[in-house]
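First up is the structure itself, then whatever we jot down about it.
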Amino acid sequence: MQSWASFAEGQNGIFDNEILKTIASKYNKSVAQVILRWLIQRGIAVIPKTLSKERMIENISVFDFALVSSDMEKIAEIGKNEFIICNHRELETINFLLNLAK
């Protein structure tokens with residue numbers, strides 16, 4: 001499985017989420033690194049996009065720590081049953097996607 005939009009396209013304040021910020025602080029990592037590590041520990045391939053050399057280095061620097069199960073569970077509860085990027089069940093979104101194919 002591969003992650004698409006690992007950072008939820010920066011929507012809904014993902015980088016300011018208090019749970020993620022607390023966990024990031026605990027491991028002395030960035031919120032982005034915690035998100036990537038969470039995905040990797042779940043066996044999901046990640047391909048984060050950036051043009052910044054510094055962020056590229058940050059994004060690859062996620063193999064020197066592991067999230068404990070309680071932190072994995074806390075992250076899993078964030079936004080549960082919510083659509084972070086778009087709701088593919090809403091008529092407006094469906095029409096938008098269908099019009100892309102035209």
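We name chains A, B, ... following the order of the structure tokens; residues begin at 1 in each chain, and ligands are numbered from 1 as shown.
Shell of range 62-67 of chain A at 7 Å, with only C-alpha atoms counted and residues fewer than 5 places along the chain excluded, is Gln33, Arg37 and Met72 of chain A.
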Exercise. Would you mind telling me which residue in A:Ala24, A:Ala5, A:Leu100, A:Ile78 lies nearest to Thr50 in chain A when using only C-alpha atoms?
Key: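 Among the listed residues, A:Ala5 lies closest to Thr50 in chain A.
With only C-alpha atoms as the basis for measurement, A:Met1 is the residue among A:Ile94, A:Ala32, A:Met1, A:Ile57 that approaches Ala45 in chain A most closely.
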Quiz prompt | Nearest to Gln41 in chain A, chosen from A:Thr93, A:Val68, A:Trp4, A:Gly13, with only C-alpha atoms counted in the distances | solution =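 Of the candidates, the smallest distance to Gln41 in chain A is held by A:Val68.
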Practice problem: May I have the residues within 12 Å of Ala76 in chain A as a list in words, using only C-alpha atoms and disregarding those fewer than 3 positions away in the same chain? | Solution: Ile19, Leu20, Ile35, Trp38, Leu39, Gln41, Arg42, Ser69, Ser70, Asp71, Met72, Glu73, Gly79, Lys80, Asn81 and Glu82 of chain A
Quiz item: What is the CA of Phe15 in chain A-CA of Glu90 in chain A distance in Å, reported with one decimal?
Solution: 25.6 Å
Self-check item: Counting only C-alpha atoms, the residue of A:Ser3, A:Asn95, A:Ser30, A:Ser52 that sits nearest Asp16 in chain A
Solution: A:Ser30
Practice problem: Using DSSP on the backbone, list every residue of chain A that comes out as alpha helix (DSSP H), and give them as a ChimeraX atom specification. | Solution: /A:18-27,31-41,53-60,69-76,91-100
